[in-house]
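Written below as structure tokens is the structure these notes are about.
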Amino acid sequence: MKKILGIFLIIITALSCNSQKVYSDFDISYSRSGGYAPSYENLLIKGNDAHYSFEGQGKKTKKNFKISNEDLKKLDETLSKNNFRRIQEDHKKMYDNVTTSINVKKGANEGSKNDGSMIMPNYKTNWENITANFQEIINNNVKN
């Protein structure tokens, strides 16, 4: 009986760990979180598979969808054209700010940036162009 209970617990633990895999196994991630009335928005991309989640303002949304090769190519071009890797973050302390974070785990634009302490003025337009591309992907695939 103890062996059966032990095996059952191991299976439950393994299944619960797999449910979080979507949040750690990605090529590109875009997330926005925080603010006075906190909200959490995530877009995770692995290959052509995308996972979107939003929680805030009394709403909860989760959606899995396929992202087209054209959208991936456009995103990569936007990251390159706007010098994603060279964007400089300011290091001033900001509180109750909605923070946008972008992580790219592979390719020429590999890196991690966030605007939690703002973006240096010289790179603000570049950052806005990149975040606009992510919002376009979300709007076209989730918020119809």
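Residue numbers start at 1 in each chain; chains themselves are named A, B, ... in the order of the structure tokens; ligands are numbered from 1 in the order shown.
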
>> When you look at region 122-136 of chain A with a cut-off of 12 Å (counting only C-alpha atoms), what residues show up, excluding the ones that are within fewer than 4 positions of it in the same chain? I need them as a PyMOL selection string.
In response: chain A and resi 28-32+41-45+50+52+67+71-90+99-103+109+113-115+118+140-144

Could you give me the residues within region 49-113 of chain A that DSSP places in strand (DSSP E or B), as a PDB file with N, CA and C atoms, in the first residue's frame?
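What landed in states.pdb:
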ATOM      1  N   ASP A  49       4.925  27.769 -31.913  1.00  0.00           N
ATOM      2  CA  ASP A  49       3.891  27.671 -30.886  1.00  0.00           C
ATOM      3  C   ASP A  49       4.001  28.866 -29.949  1.00  0.00           C
ATOM      4  N   ALA A  50       2.840  29.452 -29.653  1.00  0.00           N
ATOM      5  CA  ALA A  50       2.811  30.600 -28.754  1.00  0.00           C
ATOM      6  C   ALA A  50       1.788  30.356 -27.652  1.00  0.00           C
ATOM      7  N   HIS A  51       2.105  30.820 -26.471  1.00  0.00           N
ATOM      8  CA  HIS A  51       1.212  30.735 -25.318  1.00  0.00           C
ATOM      9  C   HIS A  51       1.034  32.151 -24.794  1.00  0.00           C
ATOM     10  N   TYR A  52      -0.221  32.585 -24.693  1.00  0.00           N
ATOM     11  CA  TYR A  52      -0.538  33.913 -24.187  1.00  0.00           C
ATOM     12  C   TYR A  52      -1.370  33.776 -22.922  1.00  0.00           C
ATOM     13  N   SER A  53      -1.060  34.589 -21.926  1.00  0.00           N
ATOM     14  CA  SER A  53      -1.891  34.638 -20.727  1.00  0.00           C
ATOM     15  C   SER A  53      -1.978  36.075 -20.232  1.00  0.00           C
ATOM     16  N   PHE A  54      -3.137  36.391 -19.682  1.00  0.00           N
ATOM     17  CA  PHE A  54      -3.384  37.718 -19.111  1.00  0.00           C
ATOM     18  C   PHE A  54      -4.219  37.537 -17.862  1.00  0.00           C
ATOM     19  N   GLU A  55      -3.847  38.266 -16.818  1.00  0.00           N
ATOM     20  CA  GLU A  55      -4.634  38.270 -15.592  1.00  0.00           C
ATOM     21  C   GLU A  55      -4.602  39.675 -15.016  1.00  0.00           C
ATOM     22  N   GLY A  56      -5.766  40.254 -14.859  1.00  0.00           N
ATOM     23  CA  GLY A  56      -5.868  41.596 -14.298  1.00  0.00           C
ATOM     24  C   GLY A  56      -7.157  42.244 -14.726  1.00  0.00           C
ATOM     25  N   LYS A  59     -10.136  40.139 -15.261  1.00  0.00           N
ATOM     26  CA  LYS A  59     -10.184  39.209 -16.379  1.00  0.00           C
ATOM     27  C   LYS A  59      -9.057  38.195 -16.276  1.00  0.00           C
ATOM     28  N   LYS A  60      -9.301  37.018 -16.830  1.00  0.00           N
ATOM     29  CA  LYS A  60      -8.276  35.990 -16.969  1.00  0.00           C
ATOM     30  C   LYS A  60      -8.399  35.418 -18.371  1.00  0.00           C
ATOM     31  N   THR A  61      -7.290  35.405 -19.101  1.00  0.00           N
ATOM     32  CA  THR A  61      -7.291  34.875 -20.454  1.00  0.00           C
ATOM     33  C   THR A  61      -6.071  33.997 -20.641  1.00  0.00           C
ATOM     34  N   LYS A  62      -6.268  32.855 -21.275  1.00  0.00           N
ATOM     35  CA  LYS A  62      -5.163  31.984 -21.678  1.00  0.00           C
ATOM     36  C   LYS A  62      -5.478  31.501 -23.076  1.00  0.00           C
ATOM     37  N   LYS A  63      -4.483  31.531 -23.942  1.00  0.00           N
ATOM     38  CA  LYS A  63      -4.705  31.058 -25.301  1.00  0.00           C
ATOM     39  C   LYS A  63      -3.396  30.542 -25.883  1.00  0.00           C
ATOM     40  N   ASN A  64      -3.473  29.376 -26.518  1.00  0.00           N
ATOM     41  CA  ASN A  64      -2.356  28.832 -27.276  1.00  0.00           C
ATOM     42  C   ASN A  64      -2.683  29.028 -28.743  1.00  0.00           C
ATOM     43  N   PHE A  65      -1.688  29.421 -29.536  1.00  0.00           N
ATOM     44  CA  PHE A  65      -1.909  29.607 -30.963  1.00  0.00           C
ATOM     45  C   PHE A  65      -0.608  29.388 -31.720  1.00  0.00           C
ATOM     46  N   LYS A  66      -0.731  29.265 -33.018  1.00  0.00           N
ATOM     47  CA  LYS A  66       0.431  29.123 -33.896  1.00  0.00           C
ATOM     48  C   LYS A  66       0.793  30.507 -34.407  1.00  0.00           C
ATOM     49  N   GLU A  89      19.328  50.092 -20.448  1.00  0.00           N
ATOM     50  CA  GLU A  89      18.340  50.317 -19.410  1.00  0.00           C
ATOM     51  C   GLU A  89      18.850  51.389 -18.454  1.00  0.00           C
ATOM     52  N   VAL A  98       4.328  49.800 -14.491  1.00  0.00           N
ATOM     53  CA  VAL A  98       4.113  48.597 -15.282  1.00  0.00           C
ATOM     54  C   VAL A  98       5.419  48.330 -16.017  1.00  0.00           C
ATOM     55  N   THR A  99       5.984  47.150 -15.796  1.00  0.00           N
ATOM     56  CA  THR A  99       7.279  46.798 -16.355  1.00  0.00           C
ATOM     57  C   THR A  99       7.099  45.833 -17.506  1.00  0.00           C
ATOM     58  N   THR A 100       7.780  46.112 -18.608  1.00  0.00           N
ATOM     59  CA  THR A 100       7.793  45.229 -19.761  1.00  0.00           C
ATOM     60  C   THR A 100       9.165  44.574 -19.837  1.00  0.00           C
ATOM     61  N   SER A 101       9.162  43.250 -19.961  1.00  0.00           N
ATOM     62  CA  SER A 101      10.404  42.489 -20.074  1.00  0.00           C
ATOM     63  C   SER A 101      10.372  41.671 -21.350  1.00  0.00           C
ATOM     64  N   ILE A 102      11.515  41.641 -22.038  1.00  0.00           N
ATOM     65  CA  ILE A 102      11.654  40.843 -23.258  1.00  0.00           C
ATOM     66  C   ILE A 102      12.902  39.984 -23.106  1.00  0.00           C
ATOM     67  N   ASN A 103      12.742  38.679 -23.338  1.00  0.00           N
ATOM     68  CA  ASN A 103      13.857  37.739 -23.278  1.00  0.00           C
ATOM     69  C   ASN A 103      13.925  36.975 -24.588  1.00  0.00           C
ATOM     70  N   VAL A 104      15.096  36.964 -25.187  1.00  0.00           N
ATOM     71  CA  VAL A 104      15.328  36.208 -26.413  1.00  0.00           C
ATOM     72  C   VAL A 104      16.430  35.214 -26.081  1.00  0.00           C
ATOM     73  N   GLY A 111      19.260  37.957 -25.762  1.00  0.00           N
ATOM     74  CA  GLY A 111      19.475  38.912 -24.681  1.00  0.00           C
ATOM     75  C   GLY A 111      18.223  39.093 -23.860  1.00  0.00           C
ATOM     76  N   SER A 112      18.319  39.939 -22.860  1.00  0.00           N
ATOM     77  CA  SER A 112      17.212  40.198 -21.952  1.00  0.00           C
ATOM     78  C   SER A 112      17.204  41.680 -21.603  1.00  0.00           C
ATOM     79  N   LYS A 113      16.054  42.312 -21.770  1.00  0.00           N
ATOM     80  CA  LYS A 113      15.917  43.741 -21.454  1.00  0.00           C
ATOM     81  C   LYS A 113      14.589  43.959 -20.749  1.00  0.00           C
TER      82      LYS A 113
END

>> Could you go through region 2-138 of chain A and tell me which residues DSSP, when run on the backbone, assigns to helix (DSSP H, G or I), listing them as an NGL selection string?
In response: :A and (2-19 or 21-23 or 69-81 or 84-86 or 121-138)
